[in-house]
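Engineer: Compact mmCIF, C-alpha atoms, file protein-v9.txt:
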```txt
# COMPACT_ATOMS: atom_id res chain seq x y z
CA MET A 265 -4.45 -3.98 -24.20
CA LEU A 266 -3.97 -3.22 -20.54
CA LEU A 267 -4.55 -6.70 -19.15
CA MET A 268 -1.68 -8.16 -21.11
CA THR A 269 1.08 -5.74 -20.18
CA LEU A 270 0.54 -4.91 -16.53
CA SER A 271 1.59 -6.90 -13.46
CA ILE A 272 -1.44 -5.65 -11.53
CA ARG A 273 -3.66 -8.73 -11.24
CA ASN A 274 -6.91 -7.05 -10.33
CA GLN A 275 -8.52 -5.06 -13.10
CA LEU A 276 -12.23 -4.50 -12.76
CA PRO A 277 -14.17 -2.58 -15.44
CA GLY A 278 -16.76 -0.01 -14.44
CA THR A 279 -18.16 3.47 -14.80
CA VAL A 280 -17.40 6.57 -12.75
CA THR A 281 -20.42 7.66 -10.71
CA THR A 282 -18.99 10.49 -8.57
CA VAL A 283 -15.89 12.64 -8.28
CA THR A 284 -15.23 14.43 -4.99
CA PRO A 285 -12.16 16.60 -5.26
CA GLY A 286 -10.13 17.76 -2.26
CA GLU A 287 -7.17 20.10 -2.60
CA VAL A 288 -4.67 17.33 -3.24
CA MET A 289 -6.54 14.05 -3.31
CA ALA A 290 -9.91 13.13 -4.79
CA THR A 291 -12.29 10.27 -4.16
CA VAL A 292 -13.84 8.70 -7.22
CA GLY A 293 -16.89 6.46 -7.01
CA VAL A 294 -17.04 3.65 -9.53
CA ARG A 295 -19.87 1.25 -10.34
CA LEU A 296 -18.37 -2.02 -11.53
CA THR A 297 -19.94 -3.98 -14.38
CA GLY A 298 -20.46 -6.73 -11.78
CA GLY A 299 -22.75 -4.33 -9.91
CA GLN A 300 -20.48 -3.55 -6.95
CA SER A 301 -19.54 -0.01 -5.94
CA LEU A 302 -15.95 1.06 -5.32
CA THR A 303 -14.28 4.21 -4.02
CA ALA A 304 -10.79 5.11 -5.24
CA ALA A 305 -8.66 7.79 -3.60
CA ILE A 306 -6.29 9.14 -6.23
CA THR A 307 -4.53 12.46 -6.71
CA ARG A 308 -6.58 15.36 -7.95
CA ASP A 309 -4.01 15.78 -10.70
CA ALA A 310 -4.79 12.30 -11.94
CA VAL A 311 -8.51 13.08 -12.07
CA THR A 312 -7.79 16.14 -14.17
CA GLU A 313 -5.34 14.48 -16.51
CA LEU A 314 -7.57 11.47 -17.13
CA GLY A 315 -10.59 13.76 -17.54
CA LEU A 316 -12.63 11.67 -15.11
CA THR A 317 -16.27 12.68 -14.76
CA PRO A 318 -19.45 10.75 -13.98
CA GLY A 319 -19.99 8.40 -16.89
CA SER A 320 -16.31 7.86 -17.70
CA SER A 321 -15.44 4.25 -18.48
CA VAL A 322 -12.60 3.09 -16.26
CA ARG A 323 -10.85 0.04 -15.01
CA ALA A 324 -10.16 -0.18 -11.28
CA LEU A 325 -6.67 -1.53 -10.68
CA VAL A 326 -5.52 -3.07 -7.41
CA LYS A 327 -2.24 -4.80 -6.68
CA SER A 328 -2.81 -8.27 -5.18
CA THR A 329 -0.77 -7.40 -2.09
CA GLU A 330 -3.33 -4.67 -1.30
CA VAL A 331 -6.32 -6.97 -1.08
CA ALA A 332 -7.32 -8.30 2.35
CA VAL A 333 -9.87 -11.04 2.93
CA ALA A 334 -12.65 -11.37 5.48
CA THR A 335 -14.78 -14.39 6.26
CA GLY A 336 -16.76 -12.75 9.06
CA PRO A 337 -18.78 -9.59 9.58
CA VAL A 338 -17.19 -6.35 8.42
CA GLU A 339 -19.34 -3.71 10.02
CA GLY A 340 -17.72 -0.66 11.54
CA LEU A 341 -14.74 -0.73 9.22
CA SER A 342 -13.17 2.28 7.49
CA ILE A 343 -12.26 0.17 4.47
CA ARG A 344 -14.71 1.34 1.81
CA ASN A 345 -14.45 -1.45 -0.68
CA ARG A 346 -15.88 -4.88 0.03
CA ILE A 347 -16.42 -7.32 -2.78
CA PRO A 348 -17.98 -10.66 -1.86
CA GLY A 349 -16.91 -13.78 -3.66
CA THR A 350 -15.88 -17.41 -3.51
CA VAL A 351 -12.35 -18.80 -3.18
CA THR A 352 -11.35 -20.51 -6.42
CA GLY A 353 -7.84 -21.57 -5.45
CA ILE A 354 -4.93 -20.95 -3.09
CA VAL A 355 -1.22 -21.07 -3.89
CA THR A 356 0.96 -21.19 -0.82
CA GLY A 357 4.61 -20.15 -0.55
CA GLY A 358 6.91 -20.17 2.45
CA ALA A 359 5.60 -16.93 3.94
CA MET A 360 2.82 -15.67 1.68
CA ALA A 361 -0.17 -17.15 -0.10
CA SER A 362 -2.09 -16.09 -3.18
CA VAL A 363 -5.86 -16.48 -2.93
CA GLY A 364 -8.03 -16.47 -6.04
CA LEU A 365 -11.58 -15.18 -5.67
CA SER A 366 -14.47 -15.35 -8.10
CA VAL A 367 -16.62 -12.25 -7.75
CA ASP A 368 -19.61 -10.93 -9.68
CA GLY A 369 -18.25 -9.77 -13.00
CA GLY A 370 -14.70 -11.02 -12.65
CA GLU A 371 -11.83 -12.47 -10.67
CA LEU A 372 -9.66 -11.12 -7.86
CA THR A 373 -6.34 -12.20 -6.41
CA ALA A 374 -5.37 -11.44 -2.81
CA VAL A 375 -1.86 -11.98 -1.50
CA ILE A 376 -2.02 -12.47 2.25
CA THR A 377 0.19 -14.22 4.78
CA LYS A 378 0.17 -18.00 4.91
CA ASP A 379 -0.76 -17.64 8.59
CA ALA A 380 -3.89 -15.72 7.63
CA VAL A 381 -4.97 -18.47 5.25
CA ASP A 382 -4.54 -21.00 8.05
CA ASP A 383 -6.30 -18.90 10.69
CA LEU A 384 -9.25 -18.20 8.42
CA ALA A 385 -9.31 -21.85 7.28
CA LEU A 386 -9.66 -20.66 3.70
CA THR A 387 -10.13 -23.40 1.13
CA THR A 388 -11.47 -23.64 -2.37
CA GLY A 389 -15.18 -22.95 -2.16
CA SER A 390 -15.00 -20.73 0.94
CA ARG A 391 -17.15 -17.63 0.87
CA ALA A 392 -15.03 -14.55 1.49
CA VAL A 393 -15.12 -10.80 1.10
CA ALA A 394 -12.25 -8.94 -0.57
CA LEU A 395 -11.42 -5.73 1.32
CA ILE A 396 -9.56 -2.90 -0.39
CA LYS A 397 -8.61 0.46 1.11
CA SER A 398 -9.59 3.35 -1.18
CA THR A 399 -6.00 4.62 -1.30
CA GLU A 400 -4.95 1.30 -2.88
CA ILE A 401 -7.15 1.62 -5.96
CA SER A 402 -5.79 3.11 -9.15
CA LEU A 403 -7.89 3.90 -12.20
CA ALA A 404 -7.24 3.47 -15.89
CA THR A 405 -9.33 4.85 -18.70
CA ALA A 406 -10.33 2.33 -21.30
CA MET B 270 17.29 10.11 14.63
CA LEU B 271 14.78 8.34 12.48
CA LEU B 272 11.67 10.16 13.69
CA MET B 273 12.95 13.51 12.53
CA THR B 274 13.92 12.62 8.99
CA LEU B 275 11.18 10.34 7.73
CA SER B 276 7.74 11.24 6.39
CA ILE B 277 6.33 7.96 7.72
CA ARG B 278 4.14 9.02 10.66
CA ASN B 279 3.81 5.70 12.39
CA GLN B 280 6.98 4.40 14.01
CA LEU B 281 6.47 1.87 16.77
CA PRO B 282 9.46 0.46 18.68
CA GLY B 283 9.64 -3.25 19.48
CA THR B 284 11.63 -6.46 19.41
CA VAL B 285 11.68 -9.19 16.78
CA THR B 286 10.15 -12.43 18.09
CA THR B 287 10.07 -14.64 14.99
CA VAL B 288 11.39 -14.73 11.45
CA THR B 289 9.70 -17.02 8.91
CA PRO B 290 11.51 -16.91 5.59
CA GLY B 291 9.90 -17.86 2.29
CA GLU B 292 11.80 -17.84 -0.99
CA VAL B 293 11.01 -14.19 -1.80
CA MET B 294 9.21 -12.74 1.21
CA ALA B 295 9.57 -13.30 4.92
CA THR B 296 7.18 -12.67 7.79
CA VAL B 297 8.70 -11.10 10.87
CA GLY B 298 6.92 -11.14 14.21
CA VAL B 299 7.48 -8.08 16.37
CA ARG B 300 6.50 -7.47 19.99
CA LEU B 301 5.93 -3.74 20.47
CA THR B 302 7.04 -1.99 23.64
CA GLY B 303 3.35 -1.23 24.16
CA GLY B 304 2.76 -4.98 24.41
CA GLN B 305 1.01 -5.53 21.07
CA SER B 306 2.18 -8.10 18.52
CA LEU B 307 2.72 -7.24 14.86
CA THR B 308 3.55 -9.23 11.75
CA ALA B 309 5.53 -7.57 8.96
CA ALA B 310 5.87 -9.09 5.50
CA ILE B 311 9.12 -7.83 4.04
CA THR B 312 11.52 -9.20 1.44
CA ARG B 313 13.81 -12.01 2.48
CA ASP B 314 16.70 -9.87 1.22
CA ALA B 315 15.80 -7.18 3.73
CA VAL B 316 15.80 -9.70 6.58
CA THR B 317 19.28 -10.81 5.58
CA GLU B 318 20.71 -7.33 5.08
CA LEU B 319 19.31 -5.99 8.34
CA GLY B 320 20.44 -9.16 10.12
CA LEU B 321 17.01 -9.59 11.72
CA THR B 322 16.78 -12.42 14.24
CA PRO B 323 14.66 -12.94 17.37
CA GLY B 324 15.77 -10.31 19.85
CA SER B 325 16.65 -7.62 17.29
CA SER B 326 15.48 -4.15 18.25
CA VAL B 327 13.41 -2.64 15.48
CA ARG B 328 10.97 0.08 14.70
CA ALA B 329 7.82 -0.86 12.79
CA LEU B 330 7.06 1.77 10.16
CA VAL B 331 3.65 2.27 8.57
CA LYS B 332 2.53 5.01 6.24
CA SER B 333 -0.65 6.75 7.48
CA THR B 334 -2.50 5.96 4.25
CA GLU B 335 -2.01 2.25 4.99
CA VAL B 336 -3.81 2.27 8.34
CA ALA B 337 -7.50 1.36 8.37
CA VAL B 338 -9.81 1.83 11.34
CA ALA B 339 -12.48 -0.45 12.81
CA THR B 340 -15.05 0.37 15.44
CA GLY B 341 -16.71 -3.03 15.39
CA PRO B 342 -15.71 -6.68 15.61
CA VAL B 343 -12.84 -7.81 13.43
CA GLU B 344 -13.08 -11.59 13.56
CA GLY B 345 -12.45 -13.57 10.43
CA LEU B 346 -10.17 -11.01 8.89
CA SER B 347 -6.89 -11.71 7.06
CA ILE B 348 -5.39 -8.44 8.30
CA ARG B 349 -2.90 -9.58 10.93
CA ASN B 350 -2.27 -6.38 12.76
CA ARG B 351 -4.90 -4.86 15.04
CA ILE B 352 -3.94 -2.21 17.55
CA PRO B 353 -6.71 -0.93 19.80
CA GLY B 354 -6.75 2.68 20.85
CA THR B 355 -8.71 5.87 21.34
CA VAL B 356 -9.25 8.66 18.84
CA THR B 357 -7.35 11.77 19.95
CA GLY B 358 -8.27 14.05 17.06
CA ILE B 359 -9.52 14.24 13.50
CA VAL B 360 -8.50 16.64 10.75
CA THR B 361 -10.84 16.69 7.77
CA GLY B 362 -10.06 17.78 4.23
CA GLY B 363 -12.13 17.80 1.07
CA ALA B 364 -11.70 14.10 0.33
CA MET B 365 -9.56 12.60 3.08
CA ALA B 366 -9.32 12.77 6.86
CA SER B 367 -6.47 12.19 9.27
CA VAL B 368 -7.37 10.33 12.45
CA GLY B 369 -5.02 10.38 15.45
CA LEU B 370 -5.11 7.36 17.75
CA SER B 371 -3.58 6.91 21.15
CA VAL B 372 -2.47 3.31 21.59
CA ASP B 373 -0.55 1.51 24.29
CA GLY B 374 3.02 2.68 24.00
CA GLY B 375 2.50 5.38 21.40
CA GLU B 376 0.46 7.20 18.82
CA LEU B 377 -0.83 6.26 15.39
CA THR B 378 -2.18 8.29 12.50
CA ALA B 379 -4.63 6.83 9.97
CA VAL B 380 -5.55 8.64 6.77
CA ILE B 381 -8.95 7.40 5.62
CA THR B 382 -11.70 8.87 3.48
CA LYS B 383 -13.86 11.62 4.91
CA ASP B 384 -16.83 9.38 4.12
CA ALA B 385 -15.45 6.64 6.34
CA VAL B 386 -15.11 9.07 9.26
CA ASP B 387 -18.74 10.07 8.80
CA ASP B 388 -20.03 6.51 8.40
CA LEU B 389 -18.17 5.29 11.49
CA ALA B 390 -19.21 8.42 13.42
CA LEU B 391 -15.63 8.78 14.64
CA THR B 392 -15.04 11.58 17.12
CA THR B 393 -12.44 12.41 19.70
CA GLY B 394 -12.70 9.82 22.43
CA SER B 395 -14.09 7.04 20.21
CA ARG B 396 -12.63 3.60 20.81
CA ALA B 397 -11.19 2.23 17.58
CA VAL B 398 -8.86 -0.47 16.32
CA ALA B 399 -6.09 0.34 13.85
CA LEU B 400 -5.82 -2.34 11.17
CA ILE B 401 -2.63 -2.77 9.16
CA LYS B 402 -1.94 -5.37 6.46
CA SER B 403 1.38 -7.17 7.02
CA THR B 404 2.64 -6.15 3.60
CA GLU B 405 2.34 -2.49 4.64
CA ILE B 406 4.75 -2.69 7.55
CA SER B 407 8.42 -1.87 7.06
CA LEU B 408 11.10 -2.38 9.68
CA ALA B 409 14.05 -0.24 10.68
CA THR B 410 16.85 -1.29 12.97
CA ALA B 411 17.77 1.12 15.71
CA MET C 218 22.98 5.53 7.20
CA LEU C 219 19.42 4.96 6.06
CA LEU C 220 20.12 2.34 3.42
CA MET C 221 21.65 0.00 5.95
CA THR C 222 18.94 0.12 8.59
CA LEU C 223 15.69 0.09 6.68
CA SER C 224 13.81 -2.87 5.20
CA ILE C 225 12.47 -0.65 2.41
CA ARG C 226 14.37 -1.82 -0.67
CA ASN C 227 13.73 1.14 -2.93
CA GLN C 228 15.46 4.34 -1.94
CA LEU C 229 15.96 6.86 -4.71
CA PRO C 230 17.79 10.13 -4.05
CA GLY C 231 16.47 13.39 -5.43
CA THR C 232 15.47 16.98 -4.85
CA VAL C 233 12.07 18.43 -4.01
CA THR C 234 10.67 20.52 -6.86
CA THR C 235 7.15 21.34 -5.66
CA VAL C 236 5.03 21.12 -2.53
CA THR C 237 1.23 21.30 -2.86
CA PRO C 238 -0.45 21.21 0.54
CA GLY C 239 -4.06 20.26 1.20
CA GLU C 240 -5.63 20.16 4.68
CA VAL C 241 -4.67 16.55 5.35
CA MET C 242 -2.41 15.38 2.55
CA ALA C 243 0.22 17.10 0.44
CA THR C 244 1.73 16.15 -2.87
CA VAL C 245 5.46 16.60 -3.17
CA GLY C 246 7.20 16.63 -6.54
CA VAL C 247 10.68 15.15 -6.56
CA ARG C 248 13.30 15.17 -9.30
CA LEU C 249 15.45 12.08 -8.94
CA THR C 250 19.19 12.21 -9.54
CA GLY C 251 18.51 9.77 -12.40
CA GLY C 252 16.43 12.51 -14.04
CA GLN C 253 12.96 11.01 -13.49
CA SER C 254 10.14 12.94 -11.81
CA LEU C 255 8.11 11.48 -8.95
CA THR C 256 5.03 12.60 -7.02
CA ALA C 257 4.68 11.55 -3.39
CA ALA C 258 1.41 11.95 -1.47
CA ILE C 259 2.32 12.25 2.19
CA THR C 260 0.61 13.90 5.15
CA ARG C 261 0.76 17.64 5.44
CA ASP C 262 2.13 17.16 8.95
CA ALA C 263 5.09 15.27 7.53
CA VAL C 264 5.84 18.09 5.10
CA THR C 265 5.87 20.55 7.98
CA GLU C 266 7.94 18.44 10.33
CA LEU C 267 10.53 17.55 7.70
CA GLY C 268 10.60 21.18 6.55
CA LEU C 269 10.21 20.15 2.93
CA THR C 270 10.48 22.98 0.41
CA PRO C 271 11.64 23.15 -3.19
CA GLY C 272 15.34 22.39 -3.13
CA SER C 273 15.25 19.99 -0.17
CA SER C 274 17.39 16.89 -0.61
CA VAL C 275 15.32 13.80 -0.06
CA ARG C 276 15.25 10.10 -0.61
CA ALA C 277 12.07 8.60 -2.07
CA LEU C 278 11.26 5.35 -0.28
CA VAL C 279 9.00 2.66 -1.73
CA LYS C 280 8.32 -0.81 -0.35
CA SER C 281 8.94 -3.52 -2.98
CA THR C 282 5.40 -4.83 -2.62
CA GLU C 283 4.10 -1.41 -3.75
CA VAL C 284 5.85 -1.45 -7.12
CA ALA C 285 3.91 -2.75 -10.11
CA VAL C 286 5.44 -3.51 -13.49
CA ALA C 287 4.25 -2.75 -17.01
CA THR C 288 5.75 -4.00 -20.25
CA GLY C 289 3.55 -1.99 -22.57
CA PRO C 290 2.12 1.51 -22.95
CA VAL C 291 0.67 3.02 -19.80
CA GLU C 292 -1.45 5.85 -21.11
CA GLY C 293 -4.66 6.68 -19.32
CA LEU C 294 -3.48 5.53 -15.93
CA SER C 295 -3.98 7.34 -12.61
CA ILE C 296 -0.66 6.01 -11.30
CA ARG C 297 1.59 9.06 -11.34
CA ASN C 298 5.00 7.49 -11.12
CA ARG C 299 6.49 5.55 -14.02
CA ILE C 300 10.16 4.70 -14.08
CA PRO C 301 11.42 2.85 -17.15
CA GLY C 302 14.17 0.30 -16.77
CA THR C 303 15.51 -3.12 -17.63
CA VAL C 304 15.00 -6.36 -15.71
CA THR C 305 18.28 -7.45 -14.09
CA GLY C 306 17.06 -10.58 -12.36
CA ILE C 307 14.03 -12.46 -11.08
CA VAL C 308 13.74 -14.60 -7.95
CA THR C 309 10.66 -16.78 -7.87
CA GLY C 310 8.98 -18.26 -4.80
CA GLY C 311 5.84 -20.30 -4.35
CA ALA C 312 3.40 -17.41 -4.66
CA MET C 313 5.48 -14.28 -5.21
CA ALA C 314 8.44 -13.15 -7.29
CA SER C 315 10.99 -10.43 -6.81
CA VAL C 316 11.95 -8.54 -9.94
CA GLY C 317 15.10 -6.43 -10.03
CA LEU C 318 15.10 -3.43 -12.36
CA SER C 319 17.98 -1.24 -13.42
CA VAL C 320 16.76 2.33 -13.87
CA ASP C 321 18.54 5.60 -14.61
CA GLY C 322 20.38 6.49 -11.44
CA GLY C 323 19.75 3.33 -9.46
CA GLU C 324 18.02 0.04 -8.91
CA LEU C 325 14.44 -0.93 -8.04
CA THR C 326 12.88 -4.11 -6.71
CA ALA C 327 9.27 -5.02 -7.43
CA VAL C 328 7.56 -7.88 -5.63
CA ILE C 329 4.71 -9.11 -7.78
CA THR C 330 2.86 -12.41 -8.11
CA LYS C 331 4.60 -15.29 -9.81
CA ASP C 332 1.62 -15.42 -12.15
CA ALA C 333 2.27 -11.86 -13.24
CA VAL C 334 5.89 -12.69 -14.08
CA ASP C 335 4.68 -15.60 -16.21
CA ASP C 336 1.90 -13.65 -17.92
CA LEU C 337 4.21 -10.75 -18.77
CA ALA C 338 6.96 -13.18 -19.84
CA LEU C 339 9.45 -11.16 -17.85
CA THR C 340 13.05 -12.30 -18.14
CA THR C 341 16.44 -10.78 -17.52
CA GLY C 342 16.91 -8.10 -20.12
CA SER C 343 13.21 -7.33 -20.57
CA ARG C 344 12.32 -3.67 -20.85
CA ALA C 345 9.76 -2.75 -18.20
CA VAL C 346 8.27 0.27 -16.48
CA ALA C 347 7.99 0.42 -12.69
CA LEU C 348 4.64 1.91 -11.64
CA ILE C 349 4.20 3.42 -8.17
CA LYS C 350 1.05 5.04 -6.77
CA SER C 351 1.78 8.43 -5.19
CA THR C 352 0.32 7.34 -1.86
CA GLU C 353 2.95 4.58 -1.66
CA ILE C 354 5.95 6.89 -1.70
CA SER C 355 7.49 8.07 1.56
CA LEU C 356 10.23 10.66 1.81
CA ALA C 357 13.30 10.84 4.01
CA THR C 358 15.55 13.83 4.39
CA ALA C 359 19.24 13.19 4.03
```
Reformat the file's structure so that it appears as structure tokens.

Structural biologist:
Amino acid sequence: MLLMTLSIRNQLPGTVTTVTPGEVMATVGVRLTGGQSLTAAITRDAVTELGLTPGSSVRALVKSTEVAVATGPVEGLSIRNRIPGTVTGIVTGGAMASVGLSVDGGELTAVITKDAVDDLALTTGSRAVALIKSTEISLATA
Amino acid sequence: MLLMTLSIRNQLPGTVTTVTPGEVMATVGVRLTGGQSLTAAITRDAVTELGLTPGSSVRALVKSTEVAVATGPVEGLSIRNRIPGTVTGIVTGGAMASVGLSVDGGELTAVITKDAVDDLALTTGSRAVALIKSTEISLATA
Amino acid sequence: MLLMTLSIRNQLPGTVTTVTPGEVMATVGVRLTGGQSLTAAITRDAVTELGLTPGSSVRALVKSTEVAVATGPVEGLSIRNRIPGTVTGIVTGGAMASVGLSVDGGELTAVITKDAVDDLALTTGSRAVALIKSTEISLATA
């Protein structure tokens, strides 16, 4: 079972909706079971080898260090993936902090700088949006 | 010469202003020669081995796929690094696009999805802000 | 000498085996001196400027925060690069942990959340596989 053996904290189940292949890279649209839409930019080779087509069941994988957090408006931003949620907890180290987010259909962890947590005044219960660049999303088949 | 031997497109020269060590990671403040401030989250081991202290000359390195672009307001965002500039050119592929930005003191390249370029209506001459998560910045000493 | 001046902890020497260019990105196959195969997704411009062709000597560079760790099977995963090894040491901070891995032909460092270390029950001597997304690998010529 994937969840148990992988250090990647963020694993969101969903279904492939679109596959747009370029020569080298491809963008894959995914509808999460929580209802959100994601775009993953992975290699075209990976699409082929995993046999990804609309309807494929996948899990979107994102390393915690790749998740940013916004508390304000996010219009006009190239970052495709924006998952709203609520802060469930914050663990602070000397330089970095780990922020837990409850989102529709699951949980996310974002590792951001301690300074960012302070500047955004994030606390348990804060509303926040997880931002993830498409190139940071990997996909796993069930 | 670093520029000639490294695939990393974005290499911005500057000077270390602060070093904040945690147990595992450290955040390093850098003042670019263009005047902008950056924060890099690198391992504490790297800080020690490179002998980074305030005043050290460094080059901030960022892979193009790690640079996001904003055309609107970016308040309330955990992403520490925001470098304003002007789009100098766009190369579009089947899935991805490469966006050149002229910024104070240099040039940046952002690789984002083709969809993002369309949605943001980016064209040559557009004002845009390059956004870079601290964990995506590496440092090289001269 | 690159190793001494760069904050990027993971620097694996190898030889280019394939170059597949798209309009914007290119995938570059690399055979490491340890025998493993890697795929790096870098900009097409970088391939041109570095003059990368099959046979080129390169160093694959990966930031520690970009390395994930798996302890079990990793079938059905879009992440192209999987380097098996053995945990040589773990340093734990407040939020993050640094995991050293001995792999054929070298060493790797993965910075993952402390929670991931606990959940995977990683300890010195554990067998583990380093996972690296192609877009997270940079290349340097000798």

Engineer: Could you work out which residues of chain A fall inside 9 Å of chain B? Count all atoms listed in the file, and format the result as a PyMOL selection string.

Structural biologist: chain A and resi 284-291+305+329-344+357-360+375-377+379-381+383-384+397-400

Engineer: What does the file look like for those residues with C-alpha atoms, as an mmCIF file, in the coordinates of the input?

Structural biologist:
```
data_model
loop_
_atom_site.group_PDB
_atom_site.id
_atom_site.type_symbol
_atom_site.label_atom_id
_atom_site.label_comp_id
_atom_site.auth_asym_id
_atom_site.auth_seq_id
_atom_site.Cartn_x
_atom_site.Cartn_y
_atom_site.Cartn_z
ATOM 1 C CA THR A 284 -15.230 14.430 -4.990
ATOM 2 C CA PRO A 285 -12.160 16.600 -5.260
ATOM 3 C CA GLY A 286 -10.130 17.760 -2.260
ATOM 4 C CA GLU A 287 -7.170 20.100 -2.600
ATOM 5 C CA VAL A 288 -4.670 17.330 -3.240
ATOM 6 C CA MET A 289 -6.540 14.050 -3.310
ATOM 7 C CA ALA A 290 -9.910 13.130 -4.790
ATOM 8 C CA THR A 291 -12.290 10.270 -4.160
ATOM 9 C CA ALA A 305 -8.660 7.790 -3.600
ATOM 10 C CA THR A 329 -0.770 -7.400 -2.090
ATOM 11 C CA GLU A 330 -3.330 -4.670 -1.300
ATOM 12 C CA VAL A 331 -6.320 -6.970 -1.080
ATOM 13 C CA ALA A 332 -7.320 -8.300 2.350
ATOM 14 C CA VAL A 333 -9.870 -11.040 2.930
ATOM 15 C CA ALA A 334 -12.650 -11.370 5.480
ATOM 16 C CA THR A 335 -14.780 -14.390 6.260
ATOM 17 C CA GLY A 336 -16.760 -12.750 9.060
ATOM 18 C CA PRO A 337 -18.780 -9.590 9.580
ATOM 19 C CA VAL A 338 -17.190 -6.350 8.420
ATOM 20 C CA GLU A 339 -19.340 -3.710 10.020
ATOM 21 C CA GLY A 340 -17.720 -0.660 11.540
ATOM 22 C CA LEU A 341 -14.740 -0.730 9.220
ATOM 23 C CA SER A 342 -13.170 2.280 7.490
ATOM 24 C CA ILE A 343 -12.260 0.170 4.470
ATOM 25 C CA ARG A 344 -14.710 1.340 1.810
ATOM 26 C CA GLY A 357 4.610 -20.150 -0.550
ATOM 27 C CA GLY A 358 6.910 -20.170 2.450
ATOM 28 C CA ALA A 359 5.600 -16.930 3.940
ATOM 29 C CA MET A 360 2.820 -15.670 1.680
ATOM 30 C CA VAL A 375 -1.860 -11.980 -1.500
ATOM 31 C CA ILE A 376 -2.020 -12.470 2.250
ATOM 32 C CA THR A 377 0.190 -14.220 4.780
ATOM 33 C CA ASP A 379 -0.760 -17.640 8.590
ATOM 34 C CA ALA A 380 -3.890 -15.720 7.630
ATOM 35 C CA VAL A 381 -4.970 -18.470 5.250
ATOM 36 C CA ASP A 383 -6.300 -18.900 10.690
ATOM 37 C CA LEU A 384 -9.250 -18.200 8.420
ATOM 38 C CA LYS A 397 -8.610 0.460 1.110
ATOM 39 C CA SER A 398 -9.590 3.350 -1.180
ATOM 40 C CA THR A 399 -6.000 4.620 -1.300
ATOM 41 C CA GLU A 400 -4.950 1.300 -2.880
#
```

Engineer: Calculate how many Å separate CA of Asp314 in chain B from CA of Gln275 in chain A, rounding to one decimal.

Structural biologist: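 Taking CA of Asp314 in chain B as the start and CA of Gln275 in chain A as the end point, the length is 29.4 Å.
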
Engineer: Between CA of Gly298 in chain B and CA of Asn274 in chain A, measure the distance and give it in Å to one decimal.

Structural biologist: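 Between these atoms lies a distance of 28.5 Å.
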
Engineer: Considering only C-alpha atoms, can you say which of A:Ile347, A:Ile401, A:Val326, A:Leu270 comes closest to Ser301 in chain A?

Structural biologist: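 That would be A:Ile347, the residue with the smallest distance to Ser301 in chain A.
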
Engineer: In Å, rounded to a single decimal, give me how far CA of Gly302 in chain C is from CA of Gly251 in chain C.

Structural biologist: 11.3 Å

Engineer: Could you name the residues that touch Val285 in chain B at 7 Å or less, counting all atoms listed in the file, but leaving out those on the same chain fewer than 2 positions away, as a ChimeraX atom specification?

Structural biologist: /B:283,287,297-300,322-327

Engineer: Please fill the gaps in range 305-312 of chain A so it has N, CA, C and O atoms, and write that as a PDB file, in the coordinates of the input.

Structural biologist:
```pdb
ATOM      1  N   ALA A 305      -9.265   6.515  -3.996  1.00  0.00           N
ATOM      2  CA  ALA A 305      -8.660   7.790  -3.600  1.00  0.00           C
ATOM      3  C   ALA A 305      -7.386   7.971  -4.419  1.00  0.00           C
ATOM      4  O   ALA A 305      -6.400   7.262  -4.217  1.00  0.00           O
ATOM      5  N   ILE A 306      -7.445   8.896  -5.359  1.00  0.00           N
ATOM      6  CA  ILE A 306      -6.290   9.140  -6.230  1.00  0.00           C
ATOM      7  C   ILE A 306      -5.961  10.633  -6.175  1.00  0.00           C
ATOM      8  O   ILE A 306      -6.694  11.414  -5.580  1.00  0.00           O
ATOM      9  N   THR A 307      -4.862  11.032  -6.765  1.00  0.00           N
ATOM     10  CA  THR A 307      -4.530  12.460  -6.710  1.00  0.00           C
ATOM     11  C   THR A 307      -5.498  13.253  -7.580  1.00  0.00           C
ATOM     12  O   THR A 307      -6.019  12.762  -8.587  1.00  0.00           O
ATOM     13  N   ARG A 308      -5.707  14.485  -7.171  1.00  0.00           N
ATOM     14  CA  ARG A 308      -6.580  15.360  -7.950  1.00  0.00           C
ATOM     15  C   ARG A 308      -5.994  15.594  -9.349  1.00  0.00           C
ATOM     16  O   ARG A 308      -6.724  15.687 -10.333  1.00  0.00           O
ATOM     17  N   ASP A 309      -4.669  15.648  -9.408  1.00  0.00           N
ATOM     18  CA  ASP A 309      -4.010  15.780 -10.700  1.00  0.00           C
ATOM     19  C   ASP A 309      -4.385  14.644 -11.648  1.00  0.00           C
ATOM     20  O   ASP A 309      -4.589  14.865 -12.847  1.00  0.00           O
ATOM     21  N   ALA A 310      -4.454  13.454 -11.103  1.00  0.00           N
ATOM     22  CA  ALA A 310      -4.790  12.300 -11.940  1.00  0.00           C
ATOM     23  C   ALA A 310      -6.210  12.417 -12.478  1.00  0.00           C
ATOM     24  O   ALA A 310      -6.475  12.100 -13.644  1.00  0.00           O
ATOM     25  N   VAL A 311      -7.114  12.891 -11.630  1.00  0.00           N
ATOM     26  CA  VAL A 311      -8.510  13.080 -12.070  1.00  0.00           C
ATOM     27  C   VAL A 311      -8.560  14.047 -13.248  1.00  0.00           C
ATOM     28  O   VAL A 311      -9.234  13.804 -14.257  1.00  0.00           O
ATOM     29  N   THR A 312      -7.820  15.129 -13.119  1.00  0.00           N
ATOM     30  CA  THR A 312      -7.790  16.140 -14.170  1.00  0.00           C
ATOM     31  C   THR A 312      -7.188  15.596 -15.463  1.00  0.00           C
ATOM     32  O   THR A 312      -7.767  15.727 -16.548  1.00  0.00           O
TER      33      THR A 312
END
```
